[in-house]
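What follows is one structure encoded as structure tokens, with my remarks underneath.
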Amino acid sequence: MKRFSGLIAALAGLALVLTACVPIDTNASIPPPDESTGSTGDTYVPPVEAPREDLPLQEYSAIDLDQRIAKLPRSMAAPQIQQGSHPIDHGVPGSERVLLAEQLTASSRFALPRENTGDRVLIEVACSRSIGFEVMLFDIDGAPLGGGSSSECSPGGPNGFGIGIRGNPQLGQVQLAFDRESGMELSVVTFTHADGQ
């Protein structure tokens with residue numbers, strides 16, 4: 001009986017030694033942060049693979065885009081661009097293009113025009129009351145290009161997320177999810193970064 005007790009103790013000790021020598025990679029599933037410019041929030045590549053299919057998808061339409069831009073708060077970049085201003089720091093004047101301007105009350109996904117003329121995307125979100133939200137940008141294959149979140153989107157001004165897009169990928173969708181229903185405005189602008197400024 002003492003032999004078995006000694007053998008069991010030796011095996012338990014060997015198992016402890018072996019497990020102590022195995023490196024543990026705790027960051028294996030966390031993607032590296034995406035390049036961000038001009039962000040006013042926490043910018044990151046969220047740990048998701050594709051747009052949430054359970055959110056309603058709104059097809060892209062350029063019809064009445066000018067009217068939708070005009071309804072956004074004047075503190076957002078899109079209405080300023082529409083008026084001929086160049087509100088984006090480090091953007092080449094004249095390279096700004098408003099792709100999307102929407103007012104919504106529930107979490108949604110929006111298709112984007114696939115043609116992309118810039119190397120940066122500015123996503124802005126404004127809220128009618130203080131709520132938490134997450135916004136994410138995807139390419140045409142559903143791969144995340146970047147995004148951000150805020151625990152407090154407030155009426156005081158828009159939250160902006162600047163996302164660098166390498167290789168001019170075709171844009172696919174932008175999705176906006178927030179904790180509870182509220183009036184929100186969303187705009188997506190592409191522009192070219194002015195190198196060296």
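Naming works like this for the structure tokens: A, B, ... for the chains as they're shown, residue 1 at the start of each chain, ligands 1 onward in shown order.
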Contact residues around Ala77 (chain A) with only C-alpha atoms at 6 Å, ignoring same-chain residues under 2 positions, as a PyMOL selection string: chain A and resi 79-80+87
Using N, CA, C and O atoms, can you write the selected residues to a file as a compact mmCIF listing (two decimals), in the first residue's frame?
```txt
# COMPACT_ATOMS: atom_id res chain seq x y z
N PRO A 79 -22.52 68.17 -41.84
CA PRO A 79 -23.15 69.42 -42.27
C PRO A 79 -22.14 70.52 -42.58
O PRO A 79 -22.36 71.34 -43.47
N GLN A 80 -21.03 70.52 -41.87
CA GLN A 80 -19.99 71.52 -42.14
C GLN A 80 -19.35 71.29 -43.51
O GLN A 80 -19.07 72.24 -44.24
N PRO A 87 -13.71 70.60 -41.76
CA PRO A 87 -13.61 70.49 -40.30
C PRO A 87 -12.71 69.39 -39.77
O PRO A 87 -12.50 69.30 -38.56
```
Write out as CSV the residues of region 128-184 of chain A that have any atom within 12 Å of an atom of region 96-110 of chain A, one row each with the nearest atom pair and its distance in Å to one decimal, counting only C-alpha atoms, sorted by chain and then rising number.
```
residue,atom,partner,partner_atom,distance
A:Ser128,CA,A:Thr105,CA,9.8
A:Arg129,CA,A:Thr105,CA,11.4
A:Gly132,CA,A:Ser107,CA,11.6
A:Phe133,CA,A:Ser107,CA,9.1
A:Glu134,CA,A:Ser107,CA,9.5
A:Val135,CA,A:Arg109,CA,9.6
A:Met136,CA,A:Arg109,CA,9.4
A:Leu137,CA,A:Arg109,CA,9.7
A:Phe138,CA,A:Arg109,CA,10.3
A:Leu171,CA,A:Leu99,CA,10.4
A:Gly172,CA,A:Phe110,CA,8.6
A:Gln173,CA,A:Phe110,CA,5.4
A:Val174,CA,A:Phe110,CA,5.4
A:Gln175,CA,A:Arg109,CA,4.1
A:Leu176,CA,A:Ser107,CA,5.5
A:Ala177,CA,A:Ser107,CA,4.4
A:Phe178,CA,A:Ser107,CA,5.9
A:Asp179,CA,A:Ser107,CA,8.5
A:Arg180,CA,A:Ala106,CA,7.5
A:Glu181,CA,A:Ala106,CA,5.2
A:Ser182,CA,A:Thr105,CA,5.0
A:Gly183,CA,A:Thr105,CA,4.7
A:Met184,CA,A:Leu104,CA,5.4
```
In terms of the shortest atom-to-atom distance over only C-alpha atoms, which of A:Gly91, A:Ala126, A:Leu112, A:Asp64 is closest to Leu186 (chain A)? A:Ala126
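Remark: for Gly94 (chain A), the closest of the candidate residues A:Ile81, A:Ile140, A:Ile123, A:Leu72 is A:Ile81 (distances computed over only C-alpha atoms).
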